[in-house]
$ cat input.pdb   # PDB, C-alpha atoms
MODEL        1
ATOM      1  CA  MET A 177    -112.314  19.190  63.874
ATOM      2  CA  THR A 178    -111.819  19.869  67.537
ATOM      3  CA  VAL A 179    -109.383  17.803  69.606
ATOM      4  CA  ALA A 180    -109.990  17.489  73.297
ATOM      5  CA  THR A 181    -107.340  19.316  75.246
ATOM      6  CA  GLY A 182    -106.490  16.257  77.381
ATOM      7  CA  ARG A 183    -105.846  14.090  74.304
ATOM      8  CA  ALA A 184    -103.559  16.500  72.463
ATOM      9  CA  PRO A 185    -100.318  15.466  74.207
ATOM     10  CA  LEU A 186    -101.043  11.799  73.469
ATOM     11  CA  ILE A 187    -101.653  12.487  69.793
ATOM     12  CA  LEU A 188     -98.479  14.552  69.487
ATOM     13  CA  ALA A 189     -96.468  11.834  71.202
ATOM     14  CA  GLY A 190     -97.868   9.244  68.793
ATOM     15  CA  ILE A 191     -96.975  11.367  65.773
ATOM     16  CA  ALA A 192     -93.420  11.817  67.121
ATOM     17  CA  ALA A 193     -93.079   8.054  67.624
ATOM     18  CA  ILE A 194     -94.221   7.389  64.045
ATOM     19  CA  ILE A 195     -91.707   9.902  62.659
ATOM     20  CA  LEU A 196     -88.879   8.368  64.738
ATOM     21  CA  LEU A 197     -89.758   4.847  63.593
ATOM     22  CA  ALA A 198     -89.852   5.927  59.966
ATOM     23  CA  THR A 199     -86.408   7.524  60.321
ATOM     24  CA  ILE A 200     -84.934   4.335  61.810
ATOM     25  CA  ILE A 201     -86.399   2.152  59.049
ATOM     26  CA  LYS A 202     -85.038   4.488  56.404
ATOM     27  CA  GLN A 203     -81.573   4.334  57.895
ATOM     28  CA  MET A 204     -81.646   0.528  58.143
ATOM     29  CA  ASN A 205     -82.696   0.136  54.526
ATOM     30  CA  ALA A 206     -80.421   2.785  53.115
ATOM     31  CA  VAL A 207     -77.284   1.968  51.132
ATOM     32  CA  PRO A 208     -74.274   2.818  53.318
ATOM     33  CA  THR A 209     -72.386   5.915  52.265
ATOM     34  CA  SER A 210     -69.200   3.886  51.651
ATOM     35  CA  TRP A 211     -71.007   1.658  49.128
ATOM     36  CA  THR A 212     -72.739   4.674  47.530
ATOM     37  CA  ASP A 213     -69.349   6.252  47.017
ATOM     38  CA  ARG A 214     -67.922   2.998  45.589
ATOM     39  CA  LEU A 215     -70.793   2.675  43.126
ATOM     40  CA  ALA A 216     -70.408   6.311  42.151
ATOM     41  CA  ALA A 217     -66.694   5.743  41.589
ATOM     42  CA  LEU A 218     -67.468   2.800  39.304
ATOM     43  CA  HIS A 219     -69.627   5.133  37.198
ATOM     44  CA  GLY A 220     -67.030   7.821  36.852
ATOM     45  CA  SER A 221     -67.439   9.882  40.010
ATOM     46  CA  ASP A 222     -64.329  11.154  41.777
ATOM     47  CA  THR A 223     -65.803  10.388  45.184
ATOM     48  CA  THR A 224     -63.651   8.009  47.250
ATOM     49  CA  ALA A 225     -64.974   5.809  50.020
ATOM     50  CA  PRO A 226     -63.636   5.872  53.539
ATOM     51  CA  SER A 227     -62.095   2.547  54.615
ATOM     52  CA  ALA A 228     -64.083   0.481  57.086
ATOM     53  CA  GLU A 229     -62.420  -0.909  60.183
ATOM     54  CA  VAL A 230     -63.177  -4.281  61.763
ATOM     55  CA  VAL A 231     -62.324  -4.139  65.422
ATOM     56  CA  SER A 232     -61.002  -7.668  65.936
ATOM     57  CA  ASP A 233     -60.402 -11.127  64.488
ATOM     58  CA  PRO A 234     -59.611 -14.477  66.177
ATOM     59  CA  LEU A 235     -56.037 -13.300  66.824
ATOM     60  CA  HIS A 236     -57.126  -9.944  68.269
ATOM     61  CA  VAL A 237     -55.481  -8.189  65.309
ATOM     62  CA  HIS A 238     -57.147  -5.200  63.700
ATOM     63  CA  VAL A 239     -58.178  -6.347  60.243
ATOM     64  CA  SER A 240     -57.818  -2.786  58.994
ATOM     65  CA  ASP A 241     -54.091  -3.095  59.717
ATOM     66  CA  MET A 242     -53.706  -6.280  57.661
ATOM     67  CA  PRO A 243     -52.774  -6.579  53.967
ATOM     68  CA  THR A 244     -55.780  -6.582  51.652
ATOM     69  CA  LYS A 245     -56.543  -7.831  48.166
ATOM     70  CA  GLU A 246     -58.891  -6.534  45.485
ATOM     71  CA  LEU A 247     -62.034  -8.505  44.752
ATOM     72  CA  GLY A 248     -62.949  -9.122  41.142
ATOM     73  CA  GLY A 249     -61.946  -5.690  39.876
ATOM     74  CA  LEU A 250     -64.804  -4.041  41.803
ATOM     75  CA  GLY A 251     -62.419  -2.006  43.903
ATOM     76  CA  VAL A 252     -63.588  -3.794  47.055
ATOM     77  CA  SER A 253     -60.719  -4.639  49.418
ATOM     78  CA  LEU A 254     -61.008  -7.651  51.696
ATOM     79  CA  PRO A 255     -58.554  -8.677  54.444
ATOM     80  CA  ARG A 256     -56.304 -11.588  53.573
ATOM     81  CA  PRO A 257     -56.820 -14.715  55.670
ATOM     82  CA  THR A 258     -54.548 -14.937  58.676
ATOM     83  CA  PHE A 259     -52.136 -17.806  59.254
ATOM     84  CA  TYR A 260     -54.628 -19.199  61.739
ATOM     85  CA  GLU A 261     -57.420 -19.211  59.164
ATOM     86  CA  VAL A 262     -55.265 -20.758  56.432
ATOM     87  CA  ALA A 263     -53.837 -23.436  58.735
ATOM     88  CA  LEU A 264     -57.253 -24.264  60.177
ATOM     89  CA  SER A 265     -58.682 -24.755  56.691
ATOM     90  CA  HIS A 266     -56.047 -27.450  56.057
ATOM     91  CA  GLY A 267     -56.447 -29.114  59.448
ATOM     92  CA  THR A 268     -52.850 -28.880  60.644
ATOM     93  CA  ASP A 269     -52.320 -29.431  64.341
ATOM     94  CA  LYS A 270     -50.216 -26.274  64.419
ATOM     95  CA  VAL A 271     -53.496 -24.531  65.237
ATOM     96  CA  THR A 272     -55.968 -27.317  66.082
ATOM     97  CA  LYS A 273     -53.923 -28.862  68.904
ATOM     98  CA  HIS A 274     -51.230 -26.236  69.416
ATOM     99  CA  HIS A 275     -51.234 -22.449  69.282
ATOM    100  CA  TYR A 276     -48.290 -21.776  67.000
ATOM    101  CA  HIS A 277     -50.251 -19.198  65.007
ATOM    102  CA  HIS A 278     -49.231 -16.532  67.509
ATOM    103  CA  MET A 279     -45.557 -17.203  66.783
ATOM    104  CA  TYR A 280     -45.931 -17.491  63.026
ATOM    105  CA  GLU A 281     -48.150 -14.452  62.636
ATOM    106  CA  LYS A 282     -45.547 -12.454  64.537
ATOM    107  CA  TYR A 283     -42.518 -13.519  62.512
ATOM    108  CA  LEU A 284     -43.735 -14.876  59.171
ATOM    109  CA  SER A 285     -46.539 -12.510  58.168
ATOM    110  CA  PRO A 286     -44.025  -9.924  56.830
ATOM    111  CA  LEU A 287     -42.753 -12.609  54.416
ATOM    112  CA  ARG A 288     -46.060 -13.466  52.749
ATOM    113  CA  ASP A 289     -45.163 -11.864  49.425
ATOM    114  CA  ARG A 290     -41.387 -12.003  49.634
ATOM    115  CA  LYS A 291     -39.214 -14.542  47.862
ATOM    116  CA  PHE A 292     -37.378 -16.731  50.369
ATOM    117  CA  LYS A 293     -36.286 -20.303  51.093
ATOM    118  CA  MET A 294     -37.859 -22.350  53.866
ATOM    119  CA  LEU A 295     -37.250 -25.840  55.231
ATOM    120  CA  GLU A 296     -39.665 -27.765  57.407
ATOM    121  CA  ILE A 297     -38.430 -30.921  59.105
ATOM    122  CA  GLY A 298     -41.344 -33.357  59.096
ATOM    123  CA  LEU A 299     -43.889 -33.801  56.323
ATOM    124  CA  GLY A 300     -46.471 -35.267  58.686
ATOM    125  CA  CYS A 301     -46.311 -38.867  57.487
ATOM    126  CA  ASP A 302     -46.907 -40.124  61.021
ATOM    127  CA  MET A 303     -49.925 -37.909  61.678
ATOM    128  CA  SER A 304     -53.382 -39.438  62.040
ATOM    129  CA  TYR A 305     -54.674 -37.190  59.250
ATOM    130  CA  GLY A 306     -51.741 -38.042  56.982
ATOM    131  CA  PRO A 307     -49.035 -35.898  55.401
ATOM    132  CA  GLY A 308     -49.454 -32.601  53.634
ATOM    133  CA  ALA A 309     -51.357 -30.319  56.016
ATOM    134  CA  SER A 310     -48.347 -28.047  56.515
ATOM    135  CA  TYR A 311     -47.393 -28.366  52.851
ATOM    136  CA  TYR A 312     -50.723 -26.937  51.701
ATOM    137  CA  THR A 313     -50.750 -24.361  54.485
ATOM    138  CA  TRP A 314     -47.383 -22.879  53.523
ATOM    139  CA  LEU A 315     -48.154 -22.822  49.817
ATOM    140  CA  GLU A 316     -51.402 -20.961  50.411
ATOM    141  CA  TYR A 317     -50.061 -18.588  53.044
ATOM    142  CA  PHE A 318     -46.947 -17.545  51.105
ATOM    143  CA  THR A 319     -47.012 -16.392  47.495
ATOM    144  CA  ASN A 320     -43.329 -16.840  46.633
ATOM    145  CA  VAL A 321     -41.753 -19.438  48.926
ATOM    146  CA  ASP A 322     -39.107 -21.930  47.795
ATOM    147  CA  LEU A 323     -40.216 -24.807  50.023
ATOM    148  CA  TYR A 324     -38.249 -27.858  51.218
ATOM    149  CA  PHE A 325     -39.068 -30.784  53.500
ATOM    150  CA  ILE A 326     -37.003 -33.414  55.310
ATOM    151  CA  GLU A 327     -38.960 -36.575  56.157
ATOM    152  CA  TYR A 328     -37.733 -39.633  58.056
ATOM    153  CA  ASP A 329     -40.277 -42.014  56.463
ATOM    154  CA  GLN A 330     -38.525 -42.743  53.177
ATOM    155  CA  ALA A 331     -41.459 -44.436  51.414
ATOM    156  CA  CYS A 332     -43.814 -41.582  52.308
ATOM    157  CA  ALA A 333     -41.251 -38.952  51.332
ATOM    158  CA  GLU A 334     -40.565 -40.559  47.950
ATOM    159  CA  LYS A 335     -44.269 -40.878  47.207
ATOM    160  CA  TRP A 336     -44.882 -37.205  47.969
ATOM    161  CA  ALA A 337     -41.807 -36.153  46.026
ATOM    162  CA  VAL A 338     -43.339 -37.732  42.905
ATOM    163  CA  GLU A 339     -46.882 -36.475  43.423
ATOM    164  CA  THR A 340     -46.178 -32.869  44.401
ATOM    165  CA  SER A 341     -44.582 -29.970  42.575
ATOM    166  CA  GLY A 342     -44.777 -27.218  45.190
ATOM    167  CA  ALA A 343     -41.856 -28.390  47.317
ATOM    168  CA  THR A 344     -38.610 -30.352  47.200
ATOM    169  CA  ILE A 345     -38.675 -33.327  49.558
ATOM    170  CA  PHE A 346     -35.637 -35.148  50.955
ATOM    171  CA  PRO A 347     -35.902 -38.472  52.814
ATOM    172  CA  GLY A 348     -33.495 -38.556  55.726
ATOM    173  CA  ASP A 349     -32.814 -38.510  59.458
ATOM    174  CA  GLN A 350     -32.687 -35.130  61.143
ATOM    175  CA  ALA A 351     -30.346 -36.557  63.794
ATOM    176  CA  ASN A 352     -27.788 -37.624  61.144
ATOM    177  CA  VAL A 353     -25.202 -34.853  60.910
ATOM    178  CA  THR A 354     -23.741 -36.187  57.653
ATOM    179  CA  PHE A 355     -27.171 -36.184  56.003
ATOM    180  CA  LEU A 356     -27.907 -32.649  57.194
ATOM    181  CA  GLN A 357     -24.580 -31.389  55.874
ATOM    182  CA  GLU A 358     -25.238 -33.028  52.499
ATOM    183  CA  PHE A 359     -28.692 -31.454  52.439
ATOM    184  CA  VAL A 360     -27.228 -27.973  52.930
ATOM    185  CA  THR A 361     -24.614 -28.625  50.256
ATOM    186  CA  ARG A 362     -27.334 -29.522  47.762
ATOM    187  CA  THR A 363     -29.871 -26.831  48.630
ATOM    188  CA  GLY A 364     -27.853 -23.907  49.953
ATOM    189  CA  SER A 365     -28.705 -21.759  52.957
ATOM    190  CA  MET A 366     -32.270 -21.306  54.166
ATOM    191  CA  ASP A 367     -33.997 -18.170  55.390
ATOM    192  CA  VAL A 368     -36.446 -20.040  57.638
ATOM    193  CA  ILE A 369     -36.219 -23.490  59.236
ATOM    194  CA  ILE A 370     -39.033 -25.160  61.191
ATOM    195  CA  ASP A 371     -38.395 -28.317  63.210
ATOM    196  CA  ASP A 372     -41.619 -30.306  63.409
ATOM    197  CA  GLY A 373     -39.902 -33.663  63.079
ATOM    198  CA  GLY A 374     -39.579 -36.555  65.503
ATOM    199  CA  HIS A 375     -39.491 -34.409  68.675
ATOM    200  CA  GLN A 376     -36.847 -36.642  70.297
ATOM    201  CA  MET A 377     -34.225 -34.767  72.287
ATOM    202  CA  HIS A 378     -31.272 -35.920  70.193
ATOM    203  CA  GLN A 379     -33.161 -35.036  66.999
ATOM    204  CA  GLN A 380     -34.094 -31.516  68.048
ATOM    205  CA  ARG A 381     -30.688 -30.699  69.516
ATOM    206  CA  THR A 382     -28.705 -32.128  66.596
ATOM    207  CA  SER A 383     -30.788 -30.318  64.001
ATOM    208  CA  LEU A 384     -30.470 -26.972  65.782
ATOM    209  CA  VAL A 385     -26.704 -27.219  66.321
ATOM    210  CA  THR A 386     -26.084 -28.364  62.740
ATOM    211  CA  LEU A 387     -28.537 -26.244  60.761
ATOM    212  CA  PHE A 388     -28.751 -22.943  62.629
ATOM    213  CA  PRO A 389     -25.223 -21.826  61.639
ATOM    214  CA  THR A 390     -26.153 -22.398  57.970
ATOM    215  CA  LEU A 391     -29.068 -19.940  58.072
ATOM    216  CA  ARG A 392     -28.725 -16.695  56.161
ATOM    217  CA  ALA A 393     -28.138 -13.556  58.197
ATOM    218  CA  GLY A 394     -31.368 -12.478  59.867
ATOM    219  CA  GLY A 395     -32.791 -15.982  59.430
ATOM    220  CA  LEU A 396     -35.311 -17.682  61.694
ATOM    221  CA  TYR A 397     -35.190 -21.149  63.263
ATOM    222  CA  PHE A 398     -38.341 -22.466  64.979
ATOM    223  CA  CYS A 399     -38.542 -25.593  67.119
ATOM    224  CA  GLU A 400     -42.040 -26.921  67.829
ATOM    225  CA  ASP A 401     -43.384 -29.437  70.356
ATOM    226  CA  LEU A 402     -41.078 -28.444  73.170
ATOM    227  CA  GLN A 403     -43.388 -30.144  75.648
ATOM    228  CA  THR A 404     -41.534 -33.375  74.807
ATOM    229  CA  SER A 405     -38.577 -32.021  76.814
ATOM    230  CA  TYR A 406     -40.575 -33.180  79.834
ATOM    231  CA  TRP A 407     -41.681 -36.550  78.431
ATOM    232  CA  PRO A 408     -39.452 -39.545  79.326
ATOM    233  CA  ASP A 409     -40.460 -41.464  76.178
ATOM    234  CA  TYR A 410     -38.846 -38.710  74.099
ATOM    235  CA  GLY A 411     -35.719 -38.480  76.231
ATOM    236  CA  GLY A 412     -37.202 -35.639  78.262
ATOM    237  CA  ASP A 413     -36.984 -34.909  81.964
ATOM    238  CA  PRO A 414     -40.350 -34.661  83.779
ATOM    239  CA  ASP A 415     -38.798 -32.807  86.736
ATOM    240  CA  PRO A 416     -35.650 -30.946  85.678
ATOM    241  CA  LEU A 417     -35.558 -28.926  88.905
ATOM    242  CA  LYS A 418     -34.419 -32.034  90.792
ATOM    243  CA  GLY A 419     -31.012 -31.727  89.191
ATOM    244  CA  HIS A 420     -31.285 -34.442  86.562
ATOM    245  CA  LYS A 421     -28.610 -34.225  83.890
ATOM    246  CA  LYS A 422     -30.653 -35.200  80.821
ATOM    247  CA  LYS A 423     -29.830 -33.136  77.767
ATOM    248  CA  THR A 424     -33.212 -31.842  76.692
ATOM    249  CA  MET A 425     -34.171 -29.312  74.047
ATOM    250  CA  MET A 426     -35.509 -26.930  76.684
ATOM    251  CA  GLY A 427     -32.204 -27.340  78.476
ATOM    252  CA  MET A 428     -30.533 -26.244  75.236
ATOM    253  CA  VAL A 429     -32.839 -23.223  75.029
ATOM    254  CA  LYS A 430     -31.858 -22.153  78.525
ATOM    255  CA  GLU A 431     -28.163 -22.616  77.733
ATOM    256  CA  VAL A 432     -28.461 -20.440  74.626
ATOM    257  CA  VAL A 433     -30.177 -17.729  76.682
ATOM    258  CA  ASP A 434     -27.308 -17.977  79.182
ATOM    259  CA  ASP A 435     -24.807 -17.539  76.352
ATOM    260  CA  LEU A 436     -26.694 -14.459  75.167
ATOM    261  CA  ASN A 437     -26.209 -12.833  78.548
ATOM    262  CA  VAL A 438     -22.727 -13.740  79.738
ATOM    263  CA  GLY A 439     -21.398 -10.385  78.541
ATOM    264  CA  PRO A 440     -18.302  -9.356  76.597
ATOM    265  CA  GLY A 441     -15.584 -11.955  76.443
ATOM    266  CA  GLY A 442     -17.993 -14.864  76.620
ATOM    267  CA  PHE A 443     -16.758 -16.109  79.989
ATOM    268  CA  GLY A 444     -18.633 -19.282  80.853
ATOM    269  CA  ARG A 445     -20.206 -19.799  77.421
ATOM    270  CA  LYS A 446     -21.731 -23.241  77.035
ATOM    271  CA  HIS A 447     -21.653 -23.424  73.214
ATOM    272  CA  GLY A 448     -19.690 -22.100  70.299
ATOM    273  CA  TRP A 449     -22.252 -22.581  67.533
ATOM    274  CA  ASP A 450     -24.657 -20.059  69.085
ATOM    275  CA  SER A 451     -22.362 -17.052  68.763
ATOM    276  CA  GLU A 452     -24.573 -15.851  65.881
ATOM    277  CA  VAL A 453     -27.829 -16.120  67.849
ATOM    278  CA  GLY A 454     -29.256 -12.635  68.146
ATOM    279  CA  GLY A 455     -32.284 -13.535  70.227
ATOM    280  CA  VAL A 456     -34.564 -16.271  71.518
ATOM    281  CA  ASP A 457     -38.341 -15.891  71.668
ATOM    282  CA  CYS A 458     -40.463 -18.590  73.312
ATOM    283  CA  MET A 459     -44.207 -19.042  73.339
ATOM    284  CA  GLU A 460     -46.353 -22.020  74.280
ATOM    285  CA  GLU A 461     -44.465 -25.200  73.193
ATOM    286  CA  VAL A 462     -42.411 -23.365  70.537
ATOM    287  CA  CYS A 463     -39.266 -21.229  70.495
ATOM    288  CA  ALA A 464     -37.722 -19.067  67.785
ATOM    289  CA  PHE A 465     -33.978 -18.529  67.398
ATOM    290  CA  VAL A 466     -33.114 -15.382  65.439
ATOM    291  CA  LYS A 467     -29.789 -15.152  63.631
ATOM    292  CA  LYS A 468     -27.831 -11.930  63.850
ATOM    293  CA  GLY A 469     -27.812  -9.571  60.923
ATOM    294  CA  PRO A 470     -30.379  -7.656  58.892
ATOM    295  CA  MET A 471     -33.239  -9.686  57.497
ATOM    296  CA  TRP A 472     -32.658 -10.431  53.814
TER     297      TRP A 472
ENDMDL
END
$ encode --input "input.pdb" --output "structure tokens"
Amino acid sequence: MTVATGRAPLILAGIAAIILLATIIKQMNAVPTSWTDRLAALHGSDTTAPSAEVVSDPLHVHVSDMPTKELGGLGVSLPRPTFYEVALSHGTDKVTKHHYHHMYEKYLSPLRDRKFKMLEIGLGCDMSYGPGASYYTWLEYFTNVDLYFIEYDQACAEKWAVETSGATIFPGDQANVTFLQEFVTRTGSMDVIIDDGGHQMHQQRTSLVTLFPTLRAGGLYFCEDLQTSYWPDYGGDPDPLKGHKKKTMMGMVKEVVDDLNVGPGGFGRKHGWDSEVGGVDCMEEVCAFVKKGPMW
């Protein structure tokens, strides 16, 4: 068979295109090397698979850097859900309305499998979706947490105390110093405290001043909903720069930061209780107070 000289380049180009297409299809349909190696390992081969890396997740954290768990004995490792994913699945406003996941991923992710004691002020009885969103979030996120709640709504607190076994619930007022002292006497020191209670200025300030000194060394105290420091209905000051003298929670935060930086001798310190504060870290509508000392 004779091929016209002018048509030869076209025929060769067509053959090359067919070969290239076949190669692409083969690669798309092939079993990835990592899975081939895993299957071989399951059948006795010594071949080990290289770990795959996912470049990002909703928190811009490399999944390959996160703790993993084995799936069904197949040797397949999957990333554990982040705090954001766990909290979102339970509908808590910590992530639906607020952005506290950045704070909690930073400080609480190292504690996921450690045994520790945690108190949250506020069970969520006044929330439109009802109580329990944080309760279920913490119990899923942590594997070994000894969990406590303080709730102002006594009827709601007592009902949950009967119906739940994953936490110890105390009805009481977070602004009542005597109650808080009795709580600490009964439960002992906490490693982590989260104030998501009534958000009133006197409640937030009283709880911090009373409970922070009772934290274990290296403990963490978080105060949420700091936007209420600027809401008059919560005792806040909408324009603190005008020199108003309202005692707000954000005012307390600034005073603690001042006390951290007055230098040796403590000249001009505003508080005595905060001498054990090792640092203050604030993000959107939430601040963390870190107690001095090595983490337990």
$ closest_residue --input "input.pdb" --among "A:Val271, A:Val438, A:Val453, A:Ala263" --to "A:Gly394" --atoms "all atoms listed in the file"
A:Val453
$ atom_distance --input "input.pdb" --atom1 "atom CA of A:Tyr305" --atom2 "atom CA of A:Lys335"
16.3 Å
$ atom_distance --input "input.pdb" --atom1 "atom CA of A:Thr361" --atom2 "atom CA of A:Gln330"
20.0 Å
$ atom_distance --input "input.pdb" --atom1 "atom CA of A:Gly455" --atom2 "atom CA of A:Thr268"
27.4 Å
$ residues_around --input "input.pdb" --residues "A:Lys422" --least-positions-apart "4" --cutoff "12 Å" --atoms "only C-alpha atoms" --output "list in words"
Met377, His378, Ser405, Tyr406, Trp407, Pro408, Tyr410, Gly411, Gly412, Asp413, Pro414, Asp415, Pro416, Leu417, Lys418, Met426, Gly427 and Met428 of chain A
$ residues_around --input "input.pdb" --residues "A:Arg288" --least-positions-apart "4" --cutoff "9 Å" --atoms "only C-alpha atoms" --output "PyMOL selection string"
chain A and resi 284+317-321
$ residues_around --input "input.pdb" --residues "A:Val432" --least-positions-apart "4" --cutoff "12 Å" --atoms "only C-alpha atoms" --output "list in words"
Arg381, Leu384, Val385, Met425, Met426, Gly427, Met428, Leu436, Asn437, Val438, Gly444, Arg445, Lys446, His447, Gly448, Trp449, Asp450, Ser451, Glu452, Val453, Gly454, Gly455, Val456, Asp457, Cys463, Ala464, Phe465 and Val466 of chain A
$ closest_residue --input "input.pdb" --among "A:Val433, A:Cys399, A:Ala393, A:Ala309" --to "A:Asp371" --atoms "all atoms listed in the file"
A:Cys399
$ resolve_selection --input "input.pdb" --expression "the PyMOL selection byres ((chain A and resi 299) around 7)" --output "PDB file with C-alpha atoms, in the frame of the given file"
ATOM      1  CA  ILE A 297     -38.430 -30.921  59.105  1.00  0.00           C
ATOM      2  CA  GLY A 298     -41.344 -33.357  59.096  1.00  0.00           C
ATOM      3  CA  GLY A 300     -46.471 -35.267  58.686  1.00  0.00           C
ATOM      4  CA  CYS A 301     -46.311 -38.867  57.487  1.00  0.00           C
ATOM      5  CA  PRO A 307     -49.035 -35.898  55.401  1.00  0.00           C
ATOM      6  CA  GLY A 308     -49.454 -32.601  53.634  1.00  0.00           C
ATOM      7  CA  PHE A 325     -39.068 -30.784  53.500  1.00  0.00           C
ATOM      8  CA  ILE A 326     -37.003 -33.414  55.310  1.00  0.00           C
ATOM      9  CA  GLU A 327     -38.960 -36.575  56.157  1.00  0.00           C
TER      10      GLU A 327
END
$ resolve_selection --input "input.pdb" --expression "the PyMOL selection byres ((chain A and resi 395) around 12)" --output "PyMOL selection string"
chain A and resi 283-284+287+292-295+365-370+387-394+396-398+452-455+464-472
$ write_last_selection --input "input.pdb" --atoms "C-alpha atoms" --output "JSON list (two decimals), in the coordinates of the input"
[["chain", "number", "residue", "atom", "x", "y", "z"],
["A", 283, "TYR", "CA", -42.52, -13.52, 62.51],
["A", 284, "LEU", "CA", -43.74, -14.88, 59.17],
["A", 287, "LEU", "CA", -42.75, -12.61, 54.42],
["A", 292, "PHE", "CA", -37.38, -16.73, 50.37],
["A", 293, "LYS", "CA", -36.29, -20.30, 51.09],
["A", 294, "MET", "CA", -37.86, -22.35, 53.87],
["A", 295, "LEU", "CA", -37.25, -25.84, 55.23],
["A", 365, "SER", "CA", -28.70, -21.76, 52.96],
["A", 366, "MET", "CA", -32.27, -21.31, 54.17],
["A", 367, "ASP", "CA", -34.00, -18.17, 55.39],
["A", 368, "VAL", "CA", -36.45, -20.04, 57.64],
["A", 369, "ILE", "CA", -36.22, -23.49, 59.24],
["A", 370, "ILE", "CA", -39.03, -25.16, 61.19],
["A", 387, "LEU", "CA", -28.54, -26.24, 60.76],
["A", 388, "PHE", "CA", -28.75, -22.94, 62.63],
["A", 389, "PRO", "CA", -25.22, -21.83, 61.64],
["A", 390, "THR", "CA", -26.15, -22.40, 57.97],
["A", 391, "LEU", "CA", -29.07, -19.94, 58.07],
["A", 392, "ARG", "CA", -28.72, -16.70, 56.16],
["A", 393, "ALA", "CA", -28.14, -13.56, 58.20],
["A", 394, "GLY", "CA", -31.37, -12.48, 59.87],
["A", 396, "LEU", "CA", -35.31, -17.68, 61.69],
["A", 397, "TYR", "CA", -35.19, -21.15, 63.26],
["A", 398, "PHE", "CA", -38.34, -22.47, 64.98],
["A", 452, "GLU", "CA", -24.57, -15.85, 65.88],
["A", 453, "VAL", "CA", -27.83, -16.12, 67.85],
["A", 454, "GLY", "CA", -29.26, -12.64, 68.15],
["A", 455, "GLY", "CA", -32.28, -13.54, 70.23],
["A", 464, "ALA", "CA", -37.72, -19.07, 67.78],
["A", 465, "PHE", "CA", -33.98, -18.53, 67.40],
["A", 466, "VAL", "CA", -33.11, -15.38, 65.44],
["A", 467, "LYS", "CA", -29.79, -15.15, 63.63],
["A", 468, "LYS", "CA", -27.83, -11.93, 63.85],
["A", 469, "GLY", "CA", -27.81, -9.57, 60.92],
["A", 470, "PRO", "CA", -30.38, -7.66, 58.89],
["A", 471, "MET", "CA", -33.24, -9.69, 57.50],
["A", 472, "TRP", "CA", -32.66, -10.43, 53.81]]
$ resolve_selection --input "input.pdb" --expression "the PyMOL selection byres ((chain A and resi 355) around 12)" --output "number ranges by chain"
A: 326-328, 346-354, 356-362, 382-383, 386-387
$ axis_aligned_box --input "input.pdb" --around "stretch 406-424 of chain A" --padding-each-side "6 Å" --output "lines of an AutoDock Vina configuration file"
center_x = -35.1
center_y = -35.2
center_z = 82.4
size_x = 25.1
size_y = 24.5
size_z = 28.7
$ closest_residue --input "input.pdb" --among "A:Asp289, A:Asp269, A:Asp322, A:Glu261" --to "A:Asp401" --atoms "all atoms listed in the file"
A:Asp269
$ residues_around --input "input.pdb" --residues "A:His275" --least-positions-apart "2" --cutoff "10 Å" --atoms "only C-alpha atoms" --output "list in words"
Tyr260, Asp269, Lys270, Val271, Thr272, Lys273, His277, His278, Met279, Tyr280, Met459, Glu460, Glu461 and Val462 of chain A
$ build_atoms --input "input.pdb" --residues "stretch 255-262 of chain A" --atoms "N, CA, C and O atoms" --output "short mmCIF file (atom, residue, chain, number, x, y, z; two decimals), in the frame of the given file"
data_model
loop_
_atom_site.label_atom_id
_atom_site.label_comp_id
_atom_site.auth_asym_id
_atom_site.auth_seq_id
_atom_site.Cartn_x
_atom_site.Cartn_y
_atom_site.Cartn_z
N PRO A 255 -59.76 -8.26 53.73
CA PRO A 255 -58.55 -8.68 54.44
C PRO A 255 -58.12 -10.06 54.00
O PRO A 255 -58.95 -10.94 53.76
N ARG A 256 -56.82 -10.27 53.90
CA ARG A 256 -56.30 -11.59 53.57
C ARG A 256 -56.50 -12.50 54.77
O ARG A 256 -56.46 -12.06 55.93
N PRO A 257 -56.68 -13.79 54.54
CA PRO A 257 -56.82 -14.72 55.67
C PRO A 257 -55.54 -14.75 56.49
O PRO A 257 -54.43 -14.66 55.94
N THR A 258 -55.69 -14.85 57.78
CA THR A 258 -54.55 -14.94 58.68
C THR A 258 -53.93 -16.32 58.58
O THR A 258 -54.50 -17.25 58.00
N PHE A 259 -52.75 -16.47 59.20
CA PHE A 259 -52.14 -17.81 59.25
C PHE A 259 -53.07 -18.79 59.94
O PHE A 259 -53.22 -19.93 59.52
N TYR A 260 -53.69 -18.33 61.01
CA TYR A 260 -54.63 -19.20 61.74
C TYR A 260 -55.73 -19.70 60.82
O TYR A 260 -56.05 -20.90 60.81
N GLU A 261 -56.31 -18.83 60.04
CA GLU A 261 -57.42 -19.21 59.16
C GLU A 261 -56.96 -20.16 58.07
O GLU A 261 -57.65 -21.14 57.75
N VAL A 262 -55.79 -19.88 57.49
CA VAL A 262 -55.26 -20.76 56.43
C VAL A 262 -54.94 -22.14 57.00
O VAL A 262 -55.32 -23.17 56.45
#
